[in-house]
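First comes the structure, then the notes that go with it.
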Amino acid sequence: MSVSENKRRPRIATVWLAGCSGCHMSFLDLDEWLFELAKLADVVYSPVADVKEYPENVDAVLVEGAVANEDNLELIRKVRARTKAVVSFGDCAVTGNVTALRNPLGDPENVLKRAYIEEANTGGRIPSDHPLVPKLLPKVLPVHQVVKVDAFLWGCPPDAARIRAVLEKLLGVEKPAEVDAINPAAGQETAKTKDGE
Amino acid sequence: MTVTTLTINGELVSASPGASVLEAARENGVEIPTLCELEGISSAGACRLCLVEISGTPRLQPACVTAATEGMEVQTDSERLNRYRRMILELLFAERNHICPVCVANGHCELQSRAIENGMDHVRFSYQHPDLSVDITHERFGIDQDRCILCTRCVRVCDELEGAHTWDVAGRGTKSRVITDLNQPWGESDTCTSCAKCVEACPTGAIFRKGSSVGEMEHRRDRIRFIADARKKKEWSP
């Protein structure tokens with residue numbers, strides 16, 4: 001699934017749907033390797049970069065979070081249409097995880113009532129009457145139940161070594177031995193190699 | 001009785017008299033993934049993860065409740081078996097609300113471990129998200145139905161080792177639930193001796209010690225085997 005076969009610099013992105021941003025924090029845990037990443041590829045869209053519109057012709061994207069509201073749905077469809085390789089990044093994207101805890105309550109109205117009226121200490125009010133607040137979908141869905149996903153990087157959050165292993169595989173970085181980036185054992189192997197250097 | 005000789009994955013092996021296919025495999029160092037099986041109590045064939053191929057029958061058989069017989073040819077590892085095992089794991093995850101990162105058994109869960117070993121990286125089935133209950137009426141323990149996989153270890157260990165039979169299964173199909181006494185709150189159970197064998201036996205975070213936070217619930221599942229041996233063989237030291 002390497003995206004580096006083309007001649008131009010690879011274009012990668014990261015997207016934040018319904019999640020806590022912990023996966024992006026883990027992405028930032030890549031620390032100094034982020035400089036290496038900047039040499040290997042252009043980061044064309046990310047919550048940590050101020051880009052308003054998801055661009056065309058993206059080679060690979062890490063998608064954090066589940067699909068929980070109409071904004072998430074619109075964005076993930078756009079992302080799928082404009083990206084070669086979509087990676088479900090972290091447990092919310094892969095399973096729904098904590099964001100899907102609302103699903104057993106059923107209708108989003110019940111969820112909003114529970115959160116903003118029943119559990120409110122003072123002056124309960126549902127904020128969804130504001131036009132800027134996106135409408136909740138009937139159910140929180142993992143990304144692969146909405147669009148086709150090419151790889152799954154689970155973990156809450158996935159640790160930096162495994163994120164790096166996936167990115168290196170996507171970017172076709174030469175490795176001493178071919179590792180399966182999705183396998184956690186491979187991530188540990190990567191970490192070991194790094195320490196051994 | 002004499003030993004049974006059979007073939008496992010092309011190797012001719014011998015098994016103790018009366019051994020199941022699972023025991024025969026273990027005696028010969030062959031690993032078969034299991035979930036509902038627990039050493040020290042009877043086997044139930046509830047989870048189907050230990051399915052194996054046996055020559056002469058098109059149906060897959062659960063190794064834990066299939067007797068090893070003379071001349072039997074068993075295959076424990078194949079693409080087909082791994083496909084079915086993955087499907088079983090995915091169905092278990094889809095059936096109830098398994099939210100690993102906030103579970104008391106995260107990192108000490110047999111369901112989670114089997115999924116990782118199998119290479120299951122996502123669930124292809126629709127999550128059912130049933131609305132299930134948590135019972136924390138017992139003074140020391142709790143049961144969260146969201147995490148129960150209906151392996152029935154609690155039922156068997158309570159009946160066979162403790163002799164209390166507090167636990168049982170009520171309902172059918174997706175409505176099946178483990179219950180205490182006649183579906184009464186656990187804390188009001190007349191039969192429960194609070195021995196904690198069910199707590200130690202549970203493969204997931206379904207039955208837990210109250211006060212455990214995320215990842216803190218470590219079941220001591222080997223205690224069940226120890227208690228069973230102590231009873232049967234009069235072996236009182238671990």
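How things are named: the first chain in the structure tokens is A, the next is B, and so on; residues count from 1 in each chain; ligands count from 1 in the order shown.
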
Residues of stretch 4-134 of chain A in strand (DSSP E or B), written as number ranges by chain: A: 11-16, 18, 42-46, 49, 58-64, 66-69, 83-89

Polymer residues at most 10 Å from B:Glu162, only C-alpha atoms, same-chain spacing of 6 or more positions, as a VMD selection string: chain B and resid 156 192 to 193 195 to 198 227

Saved selection, atoms kept: N, CA and C atoms, as a JSON list (two decimals), in the first residue's frame:
[["chain", "number", "residue", "atom", "x", "y", "z"],
["B", 156, "ARG", "N", -20.31, -22.67, 35.87],
["B", 156, "ARG", "CA", -19.69, -23.97, 36.12],
["B", 156, "ARG", "C", -18.85, -23.96, 37.40],
["B", 192, "CYS", "N", -25.23, -17.30, 47.40],
["B", 192, "CYS", "CA", -23.85, -16.86, 47.16],
["B", 192, "CYS", "C", -23.06, -16.86, 48.47],
["B", 193, "THR", "N", -21.88, -17.50, 48.42],
["B", 193, "THR", "CA", -21.04, -17.58, 49.62],
["B", 193, "THR", "C", -19.94, -16.52, 49.59],
["B", 195, "CYS", "N", -17.40, -16.41, 47.66],
["B", 195, "CYS", "CA", -16.11, -17.11, 47.60],
["B", 195, "CYS", "C", -15.19, -16.53, 46.53],
["B", 196, "ALA", "N", -15.76, -15.79, 45.57],
["B", 196, "ALA", "CA", -14.99, -15.10, 44.52],
["B", 196, "ALA", "C", -14.44, -16.03, 43.43],
["B", 197, "LYS", "N", -14.88, -17.29, 43.39],
["B", 197, "LYS", "CA", -14.39, -18.16, 42.31],
["B", 197, "LYS", "C", -14.85, -17.64, 40.95],
["B", 198, "CYS", "N", -16.06, -17.14, 40.87],
["B", 198, "CYS", "CA", -16.56, -16.59, 39.60],
["B", 198, "CYS", "C", -15.74, -15.37, 39.19],
["B", 227, "ILE", "N", -7.55, -25.06, 43.11],
["B", 227, "ILE", "CA", -8.60, -25.53, 44.02],
["B", 227, "ILE", "C", -9.10, -26.91, 43.58]]

Interface residues on chain B facing chain A, 9 Å, only C-alpha atoms, written as a PyMOL selection string: chain B and resi 97-102+116+119+121-132

How would the residues just picked look written out with N, CA and C atoms as a tab-separated table (two decimals), in the first residue's frame?
chain	number	residue	atom	x	y	z
B	97	ASN	N	-21.28	-4.50	24.56
B	97	ASN	CA	-20.54	-3.24	24.53
B	97	ASN	C	-19.16	-3.40	25.18
B	98	HIS	N	-18.20	-3.80	24.36
B	98	HIS	CA	-16.83	-4.01	24.84
B	98	HIS	C	-16.00	-2.76	24.54
B	99	ILE	N	-15.84	-1.90	25.52
B	99	ILE	CA	-15.11	-0.65	25.32
B	99	ILE	C	-13.78	-0.80	26.07
B	100	CYS	N	-12.83	-1.48	25.43
B	100	CYS	CA	-11.57	-1.88	26.09
B	100	CYS	C	-10.89	-0.75	26.86
B	101	PRO	N	-10.71	0.45	26.28
B	101	PRO	CA	-9.92	1.47	26.98
B	101	PRO	C	-10.50	1.91	28.31
B	102	VAL	N	-11.80	1.66	28.56
B	102	VAL	CA	-12.36	2.07	29.85
B	102	VAL	C	-12.80	0.85	30.67
B	116	ILE	N	-6.07	-10.17	19.61
B	116	ILE	CA	-4.74	-9.72	19.20
B	116	ILE	C	-3.96	-10.89	18.56
B	119	GLY	N	-5.05	-11.60	15.12
B	119	GLY	CA	-4.81	-10.56	14.13
B	119	GLY	C	-6.07	-9.81	13.75
B	121	ASP	N	-8.17	-6.94	13.50
B	121	ASP	CA	-7.89	-5.52	13.71
B	121	ASP	C	-9.13	-4.64	13.59
B	122	HIS	N	-10.25	-5.22	13.16
B	122	HIS	CA	-11.51	-4.49	13.22
B	122	HIS	C	-12.67	-5.47	13.12
B	123	VAL	N	-13.87	-4.99	13.42
B	123	VAL	CA	-15.07	-5.83	13.41
B	123	VAL	C	-15.90	-5.48	12.18
B	124	ARG	N	-16.16	-6.49	11.34
B	124	ARG	CA	-16.89	-6.22	10.09
B	124	ARG	C	-18.40	-6.22	10.28
B	125	PHE	N	-18.87	-6.75	11.43
B	125	PHE	CA	-20.31	-6.81	11.67
B	125	PHE	C	-20.78	-5.53	12.36
B	126	SER	N	-22.10	-5.29	12.27
B	126	SER	CA	-22.65	-4.10	12.93
B	126	SER	C	-22.68	-4.32	14.44
B	127	TYR	N	-22.16	-3.36	15.17
B	127	TYR	CA	-22.25	-3.44	16.63
B	127	TYR	C	-23.72	-3.36	17.04
B	128	GLN	N	-24.11	-4.24	17.97
B	128	GLN	CA	-25.52	-4.29	18.37
B	128	GLN	C	-25.87	-3.22	19.40
B	129	HIS	N	-24.89	-2.80	20.19
B	129	HIS	CA	-25.11	-1.79	21.23
B	129	HIS	C	-26.38	-2.03	22.06
B	130	PRO	N	-26.50	-3.22	22.66
B	130	PRO	CA	-27.69	-3.46	23.49
B	130	PRO	C	-27.63	-2.62	24.78
B	131	ASP	N	-28.81	-2.32	25.32
B	131	ASP	CA	-28.88	-1.57	26.57
B	131	ASP	C	-28.87	-2.58	27.72
B	132	LEU	N	-27.74	-2.72	28.40
B	132	LEU	CA	-27.57	-3.78	29.40
B	132	LEU	C	-27.34	-3.21	30.78

With distances taken over only C-alpha atoms, the candidate from B:Ala170, B:Ile149, B:Val134, B:Val30 nearest B:Leu89 is B:Ile149

Between atom CA of B:Thr7 and atom CA of B:Arg80 - distance in Å to one decimal: 18.9 Å

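Each of A:Glu70, A:Asp150, A:Glu109, A:Glu53 was checked against A:Ile126 using only C-alpha atoms; the smallest atom-to-atom distance is that of A:Glu109.
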
If you run DSSP on this backbone, which residues of stretch 37-116 of chain B come out as alpha helix (DSSP H), and could you give them as a PyMOL selection string? chain B and resi 79-95+110-116

With N, CA and C atoms retained, write the just-selected residues as a PDB file, in the first residue's frame.
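Resulting contents of selection17.pdb:
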ATOM      1  N   GLU B  79      -6.258 -21.984   7.197  1.00  0.00           N
ATOM      2  CA  GLU B  79      -6.822 -20.690   6.812  1.00  0.00           C
ATOM      3  C   GLU B  79      -8.315 -20.650   7.122  1.00  0.00           C
ATOM      4  N   ARG B  80      -8.968 -21.787   6.849  1.00  0.00           N
ATOM      5  CA  ARG B  80     -10.407 -21.874   7.103  1.00  0.00           C
ATOM      6  C   ARG B  80     -10.709 -21.708   8.603  1.00  0.00           C
ATOM      7  N   LEU B  81      -9.944 -22.402   9.451  1.00  0.00           N
ATOM      8  CA  LEU B  81     -10.163 -22.294  10.903  1.00  0.00           C
ATOM      9  C   LEU B  81      -9.912 -20.881  11.400  1.00  0.00           C
ATOM     10  N   ASN B  82      -8.832 -20.282  10.911  1.00  0.00           N
ATOM     11  CA  ASN B  82      -8.540 -18.910  11.342  1.00  0.00           C
ATOM     12  C   ASN B  82      -9.633 -17.940  10.906  1.00  0.00           C
ATOM     13  N   ARG B  83     -10.199 -18.193   9.735  1.00  0.00           N
ATOM     14  CA  ARG B  83     -11.281 -17.344   9.237  1.00  0.00           C
ATOM     15  C   ARG B  83     -12.492 -17.435  10.173  1.00  0.00           C
ATOM     16  N   TYR B  84     -12.845 -18.679  10.529  1.00  0.00           N
ATOM     17  CA  TYR B  84     -13.989 -18.864  11.425  1.00  0.00           C
ATOM     18  C   TYR B  84     -13.700 -18.315  12.815  1.00  0.00           C
ATOM     19  N   ARG B  85     -12.471 -18.534  13.297  1.00  0.00           N
ATOM     20  CA  ARG B  85     -12.132 -18.031  14.639  1.00  0.00           C
ATOM     21  C   ARG B  85     -12.223 -16.515  14.677  1.00  0.00           C
ATOM     22  N   ARG B  86     -11.751 -15.880  13.621  1.00  0.00           N
ATOM     23  CA  ARG B  86     -11.842 -14.414  13.576  1.00  0.00           C
ATOM     24  C   ARG B  86     -13.298 -13.973  13.575  1.00  0.00           C
ATOM     25  N   MET B  87     -14.111 -14.706  12.814  1.00  0.00           N
ATOM     26  CA  MET B  87     -15.529 -14.357  12.737  1.00  0.00           C
ATOM     27  C   MET B  87     -16.190 -14.485  14.109  1.00  0.00           C
ATOM     28  N   ILE B  88     -15.835 -15.557  14.837  1.00  0.00           N
ATOM     29  CA  ILE B  88     -16.387 -15.772  16.187  1.00  0.00           C
ATOM     30  C   ILE B  88     -15.997 -14.612  17.102  1.00  0.00           C
ATOM     31  N   LEU B  89     -14.731 -14.217  17.047  1.00  0.00           N
ATOM     32  CA  LEU B  89     -14.262 -13.110  17.880  1.00  0.00           C
ATOM     33  C   LEU B  89     -14.987 -11.818  17.524  1.00  0.00           C
ATOM     34  N   GLU B  90     -15.132 -11.564  16.228  1.00  0.00           N
ATOM     35  CA  GLU B  90     -15.814 -10.331  15.804  1.00  0.00           C
ATOM     36  C   GLU B  90     -17.259 -10.327  16.272  1.00  0.00           C
ATOM     37  N   LEU B  91     -17.919 -11.486  16.193  1.00  0.00           N
ATOM     38  CA  LEU B  91     -19.314 -11.560  16.635  1.00  0.00           C
ATOM     39  C   LEU B  91     -19.417 -11.323  18.139  1.00  0.00           C
ATOM     40  N   LEU B  92     -18.443 -11.833  18.903  1.00  0.00           N
ATOM     41  CA  LEU B  92     -18.457 -11.599  20.348  1.00  0.00           C
ATOM     42  C   LEU B  92     -18.309 -10.111  20.655  1.00  0.00           C
ATOM     43  N   PHE B  93     -17.406  -9.452  19.927  1.00  0.00           N
ATOM     44  CA  PHE B  93     -17.224  -8.006  20.146  1.00  0.00           C
ATOM     45  C   PHE B  93     -18.458  -7.217  19.709  1.00  0.00           C
ATOM     46  N   ALA B  94     -19.112  -7.656  18.641  1.00  0.00           N
ATOM     47  CA  ALA B  94     -20.259  -6.912  18.111  1.00  0.00           C
ATOM     48  C   ALA B  94     -21.513  -7.097  18.962  1.00  0.00           C
ATOM     49  N   GLU B  95     -21.559  -8.223  19.701  1.00  0.00           N
ATOM     50  CA  GLU B  95     -22.797  -8.582  20.394  1.00  0.00           C
ATOM     51  C   GLU B  95     -23.105  -7.688  21.594  1.00  0.00           C
ATOM     52  N   GLU B 110      -9.067 -12.097  28.331  1.00  0.00           N
ATOM     53  CA  GLU B 110      -8.812 -13.187  27.386  1.00  0.00           C
ATOM     54  C   GLU B 110      -9.432 -12.919  26.017  1.00  0.00           C
ATOM     55  N   LEU B 111     -10.585 -12.242  25.996  1.00  0.00           N
ATOM     56  CA  LEU B 111     -11.200 -11.905  24.705  1.00  0.00           C
ATOM     57  C   LEU B 111     -10.277 -10.981  23.912  1.00  0.00           C
ATOM     58  N   GLN B 112      -9.757  -9.973  24.595  1.00  0.00           N
ATOM     59  CA  GLN B 112      -8.833  -9.027  23.971  1.00  0.00           C
ATOM     60  C   GLN B 112      -7.559  -9.754  23.496  1.00  0.00           C
ATOM     61  N   SER B 113      -7.021 -10.623  24.344  1.00  0.00           N
ATOM     62  CA  SER B 113      -5.793 -11.353  23.983  1.00  0.00           C
ATOM     63  C   SER B 113      -6.009 -12.251  22.768  1.00  0.00           C
ATOM     64  N   ARG B 114      -7.155 -12.970  22.738  1.00  0.00           N
ATOM     65  CA  ARG B 114      -7.421 -13.860  21.597  1.00  0.00           C
ATOM     66  C   ARG B 114      -7.541 -13.039  20.308  1.00  0.00           C
ATOM     67  N   ALA B 115      -8.157 -11.853  20.410  1.00  0.00           N
ATOM     68  CA  ALA B 115      -8.324 -11.004  19.216  1.00  0.00           C
ATOM     69  C   ALA B 115      -6.965 -10.554  18.692  1.00  0.00           C
ATOM     70  N   ILE B 116      -6.074 -10.174  19.606  1.00  0.00           N
ATOM     71  CA  ILE B 116      -4.737  -9.724  19.196  1.00  0.00           C
ATOM     72  C   ILE B 116      -3.963 -10.887  18.564  1.00  0.00           C
TER      73      ILE B 116
END

Find the residues near B:Val21: any atom within 12 Å, counting only C-alpha atoms, skip ones fewer than 4 places away on the same chain, and give them as a compact mmCIF listing (two decimals) with N, CA and C atoms, in the first residue's frame.
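result23.txt written:
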# COMPACT_ATOMS: atom_id res chain seq x y z
N THR B 4 -4.24 -43.37 23.56
CA THR B 4 -4.84 -43.22 22.24
C THR B 4 -3.78 -42.65 21.31
N THR B 5 -3.69 -43.19 20.11
CA THR B 5 -2.78 -42.59 19.14
C THR B 5 -3.59 -41.94 18.03
N LEU B 6 -3.22 -40.73 17.71
CA LEU B 6 -3.93 -39.98 16.68
C LEU B 6 -2.95 -39.05 15.97
N THR B 7 -3.41 -38.41 14.91
CA THR B 7 -2.56 -37.50 14.15
C THR B 7 -3.04 -36.07 14.34
N ILE B 8 -2.13 -35.21 14.81
CA ILE B 8 -2.47 -33.79 14.93
C ILE B 8 -1.54 -32.99 14.02
N VAL B 13 0.78 -38.62 17.29
CA VAL B 13 0.98 -38.33 18.72
C VAL B 13 0.16 -39.30 19.56
N SER B 14 0.50 -39.38 20.85
CA SER B 14 -0.31 -40.20 21.76
C SER B 14 -0.95 -39.30 22.81
N ALA B 15 -2.12 -39.73 23.28
CA ALA B 15 -2.87 -38.94 24.27
C ALA B 15 -3.28 -39.84 25.42
N SER B 16 -3.43 -39.24 26.60
CA SER B 16 -3.88 -40.00 27.77
C SER B 16 -5.25 -40.60 27.51
N PRO B 17 -5.54 -41.71 28.17
CA PRO B 17 -6.86 -42.31 27.99
C PRO B 17 -7.95 -41.32 28.38
N ALA B 25 -3.92 -32.26 22.26
CA ALA B 25 -3.07 -31.25 21.61
C ALA B 25 -2.12 -30.63 22.63
N ARG B 26 -2.65 -30.27 23.79
CA ARG B 26 -1.83 -29.63 24.83
C ARG B 26 -0.73 -30.57 25.33
N GLU B 27 -1.08 -31.86 25.49
CA GLU B 27 -0.07 -32.83 25.94
C GLU B 27 1.10 -32.89 24.96
N ASN B 28 0.81 -32.53 23.71
CA ASN B 28 1.85 -32.62 22.68
C ASN B 28 2.34 -31.25 22.22
N VAL B 30 0.76 -28.58 21.25
CA VAL B 30 0.06 -27.88 20.17
C VAL B 30 -0.96 -26.93 20.79
N GLU B 31 -0.86 -25.64 20.45
CA GLU B 31 -1.76 -24.62 21.01
C GLU B 31 -3.04 -24.53 20.19
N ILE B 32 -4.18 -24.55 20.87
CA ILE B 32 -5.46 -24.27 20.21
C ILE B 32 -6.08 -23.11 20.99
N SER B 43 -15.77 -28.82 30.61
CA SER B 43 -15.81 -28.05 29.37
C SER B 43 -17.24 -27.93 28.88
N CYS B 50 -12.28 -23.07 19.79
CA CYS B 50 -11.34 -24.20 19.67
C CYS B 50 -11.74 -25.15 18.55
N LEU B 51 -12.59 -24.70 17.65
CA LEU B 51 -12.99 -25.56 16.53
C LEU B 51 -11.77 -26.10 15.78
N VAL B 52 -11.84 -27.40 15.43
CA VAL B 52 -10.77 -28.03 14.66
C VAL B 52 -11.38 -28.82 13.50
N GLU B 53 -10.54 -29.14 12.53
CA GLU B 53 -10.99 -29.98 11.41
C GLU B 53 -10.65 -31.43 11.73
N ILE B 54 -11.60 -32.32 11.52
CA ILE B 54 -11.35 -33.75 11.74
C ILE B 54 -11.67 -34.49 10.44
N GLN B 61 -15.37 -29.32 14.65
CA GLN B 61 -15.74 -29.81 15.98
C GLN B 61 -14.99 -29.02 17.06
N PRO B 62 -15.68 -28.68 18.16
CA PRO B 62 -14.97 -28.01 19.27
C PRO B 62 -14.03 -28.99 19.98
N ALA B 63 -12.75 -28.66 20.01
CA ALA B 63 -11.73 -29.58 20.54
C ALA B 63 -11.94 -29.88 22.02
N CYS B 64 -12.52 -28.94 22.77
CA CYS B 64 -12.63 -29.12 24.22
C CYS B 64 -13.64 -30.19 24.61
N VAL B 65 -14.65 -30.43 23.77
CA VAL B 65 -15.67 -31.42 24.12
C VAL B 65 -15.71 -32.58 23.12
N THR B 66 -14.64 -32.71 22.31
CA THR B 66 -14.57 -33.84 21.38
C THR B 66 -13.51 -34.81 21.89
N ALA B 67 -13.88 -36.06 22.07
CA ALA B 67 -12.94 -37.05 22.60
C ALA B 67 -11.91 -37.40 21.53
N ALA B 68 -10.66 -37.51 21.94
CA ALA B 68 -9.62 -37.98 21.02
C ALA B 68 -9.81 -39.48 20.85
N THR B 69 -9.91 -39.92 19.59
CA THR B 69 -10.12 -41.35 19.37
C THR B 69 -8.99 -41.93 18.53
N GLU B 70 -8.86 -43.22 18.60
CA GLU B 70 -7.78 -43.95 17.93
C GLU B 70 -7.83 -43.67 16.42
N MET B 72 -7.67 -40.94 14.78
CA MET B 72 -8.28 -39.67 14.39
C MET B 72 -7.23 -38.76 13.72
N GLU B 73 -7.65 -38.06 12.68
CA GLU B 73 -6.75 -37.11 12.03
C GLU B 73 -7.28 -35.70 12.25
N VAL B 74 -6.52 -34.89 13.00
CA VAL B 74 -6.99 -33.56 13.42
C VAL B 74 -6.11 -32.47 12.81
N GLN B 75 -6.76 -31.41 12.36
CA GLN B 75 -6.04 -30.23 11.89
C GLN B 75 -6.45 -29.07 12.81
N THR B 76 -5.48 -28.44 13.49
CA THR B 76 -5.83 -27.37 14.44
C THR B 76 -5.57 -25.98 13.89

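Using only C-alpha atoms, the contacts of A:Leu73 at a cut-off of 10 Å, with sequence neighbours closer than 2 positions omitted, comprise A:Leu17, A:Ala66, A:Val67, A:Ala68, A:Asn69, A:Glu70, A:Asp71, A:Leu75, A:Ile76, A:Arg77, A:Lys78, A:Val79, A:Leu137, A:Leu141, A:Val143, A:Val146, A:Val147.
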
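Here the question is which of A:Cys23, A:Ala41, A:Glu56, A:Leu28 gets nearest to A:Val173 using only C-alpha atoms, and that residue is A:Ala41.
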
Counting only C-alpha atoms, what is within 6 Å of B:Val104, bar same-chain residues fewer than 6 positions away, as a compact mmCIF listing (two decimals) with C-alpha atoms, in the first residue's frame?
# COMPACT_ATOMS: atom_id res chain seq x y z
CA GLY B 205 -14.14 -7.62 32.89
CA SER B 213 -10.29 1.08 38.05
CA VAL B 214 -9.38 0.78 34.35
CA GLY B 215 -7.01 -2.13 33.75
CA GLU B 216 -6.79 -3.02 37.45
CA MET B 217 -8.93 -6.14 37.46
